[in-house]
Amino acid sequence: MVKSSTTGFTRRALLGAFAATAVSAAPTFSSAAGFLRGAGDIRRLRMYSGRTGERLDMIYWIDGQYIKDAVKEVNHFMRDWRSDQVKSIDLRTIDIMAASHHLMDVDEPYLLLSGYRSPQTNAMLRSRSRGVAKKSLHMKGQAADLRLSSRSVSQMANAAMSCRAGGVGKYYGSNFVHMDCGVVRSWRG
């Protein structure tokens, strides 16, 4: 198991701050990658998929370098499971996911609900739900929908928003958070 170094404040303290305060009172960082520099020289991503039964526990960055084979495995894991199509996931999205997970000080892996979506899958989902964007960043490999049973939607969203590195959607009814590397913004779905 990889242990990360402290950064002057504890992750547990940040989690408490997220649960008790508004985002404006939480520490902010210019980008997820910038925050992760404080995590030591290792970046790690932990997820599982209820759709495929697959699990991923991957160190994908060490000492300033992305690990090509690890990133390839993340891309495969986050594929469109309906069509089995793989797309390169934007490294910024992977960094946002990892930074948010790191901030929450949680050992539980993310449950990946949706990573890459082919245009056909996106169109099908859009025909069933008004909450699916026509030009979804999922189709570009720039977004993920994630859930943690040990953290609330608010806690997850606050962690992602503190990175100030992309969009964060809070879906309380479906109990998940959307994270992307697009324009910095937030919404409630």
# chains A, B, ... in the order shown; residues from 1 in each chain; ligands from 1
>>> closest_atom_pairs(of="region 52-121 of chain A", to="region 166-184 of chain A", cutoff="12 Å", atoms="only C-alpha atoms", output="CSV")
residue,atom,partner,partner_atom,distance
A:Ile89,CA,A:Cys181,CA,10.3
A:Asp90,CA,A:Cys181,CA,7.7
A:Leu91,CA,A:Cys181,CA,8.8
A:Arg92,CA,A:Cys181,CA,5.8
A:Thr93,CA,A:Cys181,CA,5.1
A:Ile94,CA,A:Cys181,CA,8.9
A:Asp95,CA,A:Cys181,CA,9.2
A:Ile96,CA,A:Met179,CA,7.4
A:Met97,CA,A:Met179,CA,7.2
A:Ala98,CA,A:Met179,CA,10.9
A:Ala99,CA,A:Met179,CA,11.3
A:Ser100,CA,A:Met179,CA,9.5
A:His101,CA,A:Met179,CA,11.6
A:Tyr110,CA,A:Phe176,CA,10.2
A:Leu111,CA,A:Phe176,CA,9.1
A:Leu112,CA,A:Phe176,CA,9.4
A:Leu113,CA,A:Phe176,CA,8.2
A:Ser114,CA,A:His178,CA,8.9
A:Gly115,CA,A:His178,CA,9.7
A:Tyr116,CA,A:Asp180,CA,11.3
>>> residues_around(residues="Asn122 (chain A)", least_positions_apart="3", cutoff="10 Å", atoms="only C-alpha atoms", output="PyMOL selection string")
chain A and resi 80+116-119+125-128+132-136+138-139
>>> closest_residue(among="A:Ala70, A:Ala159, A:Val153, A:Leu146", to="Gly50 (chain A)", atoms="only C-alpha atoms")
A:Leu146
>>> select_by_dssp(residues="region 43-145 of chain A", states="strand (DSSP E)", output="number ranges by chain")
A: 43-48, 55-62, 65-66, 110-114, 143-145
>>> atom_distance(atom1="CA of Leu45 (chain A)", atom2="CA of Asp57 (chain A)")
5.9 Å
>>> atom_distance(atom1="CA of Arg147 (chain A)", atom2="CA of Met104 (chain A)")
12.6 Å
>>> closest_residue(among="A:Ser154, A:Leu148, A:Gly189, A:Phe77", to="Arg51 (chain A)", atoms="only C-alpha atoms")
A:Phe77
>>> select_by_dssp(residues="region 122-178 of chain A", states="alpha helix (DSSP H)", output="PyMOL selection string")
chain A and resi 122-128+153-162
>>> residues_around(residues="Glu73 (chain A)", least_positions_apart="5", cutoff="9 Å", atoms="only C-alpha atoms", output="list in words")
Leu56, Met58, Lys68 and Met78 of chain A
>>> closest_residue(among="A:Leu103, A:Met124, A:Ile67, A:Val86", to="Ser162 (chain A)", atoms="only C-alpha atoms")
A:Leu103
>>> atom_distance(atom1="CA of Ser83 (chain A)", atom2="CA of Ser49 (chain A)")
15.2 Å
>>> decode(residues="region 90-123 of chain A", atoms="N, CA, C and O atoms", output="mmCIF file, in the first residue's frame")
data_model
loop_
_atom_site.group_PDB
_atom_site.id
_atom_site.type_symbol
_atom_site.label_atom_id
_atom_site.label_comp_id
_atom_site.auth_asym_id
_atom_site.auth_seq_id
_atom_site.Cartn_x
_atom_site.Cartn_y
_atom_site.Cartn_z
ATOM 1 N N ASP A 90 -8.904 11.768 -20.822
ATOM 2 C CA ASP A 90 -8.088 12.962 -20.625
ATOM 3 C C ASP A 90 -7.374 12.856 -19.274
ATOM 4 O O ASP A 90 -8.007 12.611 -18.245
ATOM 5 N N LEU A 91 -6.076 13.035 -19.288
ATOM 6 C CA LEU A 91 -5.281 12.912 -18.061
ATOM 7 C C LEU A 91 -5.723 13.912 -16.994
ATOM 8 O O LEU A 91 -5.613 13.641 -15.798
ATOM 9 N N ARG A 92 -6.245 15.044 -17.423
ATOM 10 C CA ARG A 92 -6.738 16.035 -16.455
ATOM 11 C C ARG A 92 -7.917 15.471 -15.671
ATOM 12 O O ARG A 92 -8.029 15.704 -14.462
ATOM 13 N N THR A 93 -8.787 14.721 -16.329
ATOM 14 C CA THR A 93 -9.922 14.101 -15.636
ATOM 15 C C THR A 93 -9.428 13.068 -14.643
ATOM 16 O O THR A 93 -9.899 13.002 -13.501
ATOM 17 N N ILE A 94 -8.472 12.261 -15.047
ATOM 18 C CA ILE A 94 -7.905 11.259 -14.142
ATOM 19 C C ILE A 94 -7.282 11.944 -12.923
ATOM 20 O O ILE A 94 -7.481 11.504 -11.782
ATOM 21 N N ASP A 95 -6.575 13.044 -13.146
ATOM 22 C CA ASP A 95 -5.964 13.779 -12.036
ATOM 23 C C ASP A 95 -7.017 14.373 -11.096
ATOM 24 O O ASP A 95 -6.843 14.371 -9.873
ATOM 25 N N ILE A 96 -8.113 14.892 -11.637
ATOM 26 C CA ILE A 96 -9.191 15.439 -10.801
ATOM 27 C C ILE A 96 -9.784 14.339 -9.932
ATOM 28 O O ILE A 96 -10.003 14.521 -8.729
ATOM 29 N N MET A 97 -10.019 13.181 -10.538
ATOM 30 C CA MET A 97 -10.568 12.052 -9.787
ATOM 31 C C MET A 97 -9.616 11.639 -8.664
ATOM 32 O O MET A 97 -10.035 11.434 -7.522
ATOM 33 N N ALA A 98 -8.339 11.511 -8.988
ATOM 34 C CA ALA A 98 -7.346 11.096 -7.989
ATOM 35 C C ALA A 98 -7.189 12.145 -6.893
ATOM 36 O O ALA A 98 -7.107 11.804 -5.708
ATOM 37 N N ALA A 99 -7.143 13.420 -7.262
ATOM 38 C CA ALA A 99 -6.993 14.489 -6.262
ATOM 39 C C ALA A 99 -8.193 14.522 -5.329
ATOM 40 O O ALA A 99 -8.036 14.661 -4.113
ATOM 41 N N SER A 100 -9.386 14.380 -5.875
ATOM 42 C CA SER A 100 -10.599 14.395 -5.050
ATOM 43 C C SER A 100 -10.602 13.218 -4.082
ATOM 44 O O SER A 100 -10.912 13.369 -2.899
ATOM 45 N N HIS A 101 -10.242 12.060 -4.574
ATOM 46 C CA HIS A 101 -10.175 10.861 -3.727
ATOM 47 C C HIS A 101 -9.154 11.062 -2.608
ATOM 48 O O HIS A 101 -9.410 10.739 -1.445
ATOM 49 N N HIS A 102 -8.018 11.618 -2.960
ATOM 50 C CA HIS A 102 -6.950 11.894 -1.986
ATOM 51 C C HIS A 102 -7.441 12.874 -0.917
ATOM 52 O O HIS A 102 -7.188 12.678 0.279
ATOM 53 N N LEU A 103 -8.140 13.909 -1.311
ATOM 54 C CA LEU A 103 -8.659 14.893 -0.362
ATOM 55 C C LEU A 103 -9.640 14.286 0.630
ATOM 56 O O LEU A 103 -9.691 14.708 1.783
ATOM 57 N N MET A 104 -10.407 13.316 0.179
ATOM 58 C CA MET A 104 -11.431 12.728 1.054
ATOM 59 C C MET A 104 -10.875 11.714 2.036
ATOM 60 O O MET A 104 -11.607 11.233 2.894
ATOM 61 N N ASP A 105 -9.598 11.362 1.900
ATOM 62 C CA ASP A 105 -8.954 10.425 2.827
ATOM 63 C C ASP A 105 -9.789 9.163 2.988
ATOM 64 O O ASP A 105 -10.195 8.785 4.083
ATOM 65 N N VAL A 106 -10.054 8.518 1.866
ATOM 66 C CA VAL A 106 -10.902 7.333 1.853
ATOM 67 C C VAL A 106 -10.146 6.179 1.202
ATOM 68 O O VAL A 106 -9.388 6.382 0.256
ATOM 69 N N ASP A 107 -10.316 4.992 1.745
ATOM 70 C CA ASP A 107 -9.707 3.800 1.147
ATOM 71 C C ASP A 107 -10.641 3.131 0.147
ATOM 72 O O ASP A 107 -10.205 2.365 -0.704
ATOM 73 N N GLU A 108 -11.926 3.393 0.276
ATOM 74 C CA GLU A 108 -12.929 2.798 -0.617
ATOM 75 C C GLU A 108 -12.678 3.238 -2.060
ATOM 76 O O GLU A 108 -12.470 4.415 -2.324
ATOM 77 N N PRO A 109 -12.709 2.304 -3.004
ATOM 78 C CA PRO A 109 -12.567 2.707 -4.407
ATOM 79 C C PRO A 109 -13.840 3.377 -4.903
ATOM 80 O O PRO A 109 -14.941 3.132 -4.393
ATOM 81 N N TYR A 110 -13.683 4.245 -5.895
ATOM 82 C CA TYR A 110 -14.854 4.812 -6.554
ATOM 83 C C TYR A 110 -15.645 3.700 -7.226
ATOM 84 O O TYR A 110 -15.062 2.759 -7.788
ATOM 85 N N LEU A 111 -16.957 3.841 -7.245
ATOM 86 C CA LEU A 111 -17.800 3.052 -8.129
ATOM 87 C C LEU A 111 -17.941 3.888 -9.395
ATOM 88 O O LEU A 111 -18.469 5.010 -9.349
ATOM 89 N N LEU A 112 -17.432 3.379 -10.511
ATOM 90 C CA LEU A 112 -17.535 4.081 -11.792
ATOM 91 C C LEU A 112 -18.886 3.767 -12.406
ATOM 92 O O LEU A 112 -19.171 2.613 -12.728
ATOM 93 N N LEU A 113 -19.710 4.788 -12.556
ATOM 94 C CA LEU A 113 -21.017 4.620 -13.192
ATOM 95 C C LEU A 113 -20.922 4.861 -14.689
ATOM 96 O O LEU A 113 -21.581 4.191 -15.477
ATOM 97 N N SER A 114 -20.098 5.848 -15.073
ATOM 98 C CA SER A 114 -19.952 6.166 -16.483
ATOM 99 C C SER A 114 -18.619 6.869 -16.700
ATOM 100 O O SER A 114 -18.293 7.820 -16.004
ATOM 101 N N GLY A 115 -17.866 6.366 -17.658
ATOM 102 C CA GLY A 115 -16.623 7.004 -18.081
ATOM 103 C C GLY A 115 -16.820 7.462 -19.512
ATOM 104 O O GLY A 115 -17.679 8.297 -19.789
ATOM 105 N N TYR A 116 -16.074 6.862 -20.438
ATOM 106 C CA TYR A 116 -16.264 7.171 -21.854
ATOM 107 C C TYR A 116 -17.616 6.642 -22.303
ATOM 108 O O TYR A 116 -18.046 5.555 -21.897
ATOM 109 N N ARG A 117 -18.289 7.440 -23.150
ATOM 110 C CA ARG A 117 -19.527 7.011 -23.802
ATOM 111 C C ARG A 117 -19.380 7.240 -25.289
ATOM 112 O O ARG A 117 -19.023 8.351 -25.714
ATOM 113 N N SER A 118 -19.673 6.228 -26.076
ATOM 114 C CA SER A 118 -19.692 6.412 -27.529
ATOM 115 C C SER A 118 -20.853 7.336 -27.881
ATOM 116 O O SER A 118 -21.806 7.474 -27.101
ATOM 117 N N PRO A 119 -20.801 7.979 -29.031
ATOM 118 C CA PRO A 119 -21.929 8.826 -29.448
ATOM 119 C C PRO A 119 -23.250 8.045 -29.476
ATOM 120 O O PRO A 119 -24.298 8.587 -29.118
ATOM 121 N N GLN A 120 -23.196 6.779 -29.863
ATOM 122 C CA GLN A 120 -24.408 5.961 -29.914
ATOM 123 C C GLN A 120 -24.966 5.735 -28.497
ATOM 124 O O GLN A 120 -26.178 5.839 -28.279
ATOM 125 N N THR A 121 -24.097 5.419 -27.558
ATOM 126 C CA THR A 121 -24.541 5.231 -26.175
ATOM 127 C C THR A 121 -25.088 6.523 -25.617
ATOM 128 O O THR A 121 -26.134 6.536 -24.954
ATOM 129 N N ASN A 122 -24.420 7.634 -25.875
ATOM 130 C CA ASN A 122 -24.886 8.919 -25.367
ATOM 131 C C ASN A 122 -26.267 9.253 -25.932
ATOM 132 O O ASN A 122 -27.151 9.702 -25.200
ATOM 133 N N ALA A 123 -26.466 9.007 -27.229
ATOM 134 C CA ALA A 123 -27.768 9.278 -27.861
ATOM 135 C C ALA A 123 -28.854 8.400 -27.237
ATOM 136 O O ALA A 123 -29.976 8.875 -26.976
#
